Amino acid sequence: MPRSFLAQARKVDEATPDTRSREVDFLRAAAITVVVLGHWTIIAVSVDGGIDPHGLLDQARWTHPLTWVFQVMPIFFLVGGYSNALSWRLARRRQTGYAEWLRARLRRLGLPLIPLLLVWLATCVIALAAGAEPASVQLASQMALVPTWFLAAYLLVVIVAPPCLILWERWGWWSIIVGVGLAGLIDLISIVAESRLAGYPNYLLVWASFHQFGYAWLDGRLTSLKRCLLLFVIGAVGLGLLVGFGPYPVSMITAGTDTISNSAPTRVTMAFLGMAQAGIVLILQRPLAKLLRSPGLWLLTVLVNQRIMTWFLWHLTSLTALANALVALGADALLPTPLTGIWWLTRPLWALVLLAITGVLVVIFGRFETPAPDDRPAPPMWMPIAASATICAGLAIMADTGMVDDGVTWIWPLLPLIGMVAFGVVRLPGRRTTES
């Protein structure tokens, strides 16, 4: 290992305060990394079939139970609950208002979106002008923007995090039980009515309810082995009953062969999956904390977290670009038939190539994750809420439809961008920075 790396690792390790929960940072980085590697694996690419978004899940049903391990988005919401509660309580002590707090969170989450949306908007315009089939461009843009559904859901949860924290502080576990119960009722209505739209409230209700387990973690309510085991059992048994005797499919990631999806829209099954996963990772918290005392591992964790949004947002752009290039070149030798022996053997190489491409994109666009300090006066409360609404609306629709219909659908990619500028998330040059 190079001396420069070891020296930097020791420096970062020594600069990290003892009060910082290294496990939170590691779990955040690990969860996003598992999602990235999972996407790169389940999406099948071949010269004859092009890009098949659900290729692995559709062609190999034996992989569906594995999604109980690899669908780790609940872990991100768990650490998000811990971090958002910590952040909001600090804001309260400093007498920072909700509007200023929310604007700061939006800047952290929203600014990395700007280059992604602009690059894909330009790509769609150029591709269509060059004579590309609208259906192909639509699929490419939809594939690349799949990560934005999660960001839209997470932003919804961030908006309600402070009031949900009040509910947790007053009602404790009942604030989660009632929320999960209401999510089950929404599922019942949606499934009986055969309406995906009726299930959309659960993007907020399921994740906001599960997000509160992060509050419980922060408050020391999930430190005992007994409680962590109980949480795991409730999650595993609940999920098993819902899948075994209910209408829910085994796969926790959307598969084209399933009648309904557990994740689009989010179903109550995801809350129980999260409980099971949270129980396991919290049981392992103490050995993980000891492991993270290794300066090298801690430095890698810090580096991933510094560019975690860019890493997540651009990883499917890398795959889409490489896949379309190889298909256009007819590179059969580089695109073995999915699920064959050679296909499995080349998955590590496939991931390494995509990692290199994504790494270049992170170097180019990662600067958007470290915006200049924002010392503007607190905005009116409606402004960050309106900005959140425009971002969520645009992202949710693009994650489902892409940027193209017969031509470019300008409204959806522009809506988040205009919202961030018009409602003060983006700091424009020449704006007053301090109150006069």
# chains A, B, ... in the order shown; residues from 1 in each chain; ligands from 1
>>> residues_around(residues="Ala321 of chain A", least_positions_apart="4", cutoff="10 Å", atoms="only C-alpha atoms", output="list of chain:residue names")
A:Ala140, A:Ala144, A:Leu316, A:Thr317, A:Ala325, A:Leu326, A:Leu354, A:Ile357
>>> residues_around(residues="segment 76-87 of chain A", least_positions_apart="2", cutoff="7 Å", atoms="only C-alpha atoms", output="count of residues only")
17
>>> closest_residue(among="A:Ala393, A:Leu334, A:Ile114, A:Ala351", to="Gly38 of chain A", atoms="only C-alpha atoms")
A:Ala351
>>> closest_residue(among="A:Asn202, A:Ser251, A:Thr310, A:Ser224", to="Gly366 of chain A", atoms="only C-alpha atoms")
A:Thr310
>>> select_by_dssp(residues="segment 330-389 of chain A", states="alpha helix (DSSP H)", output="PyMOL selection string")
chain A and resi 341-345+347-365+382-389
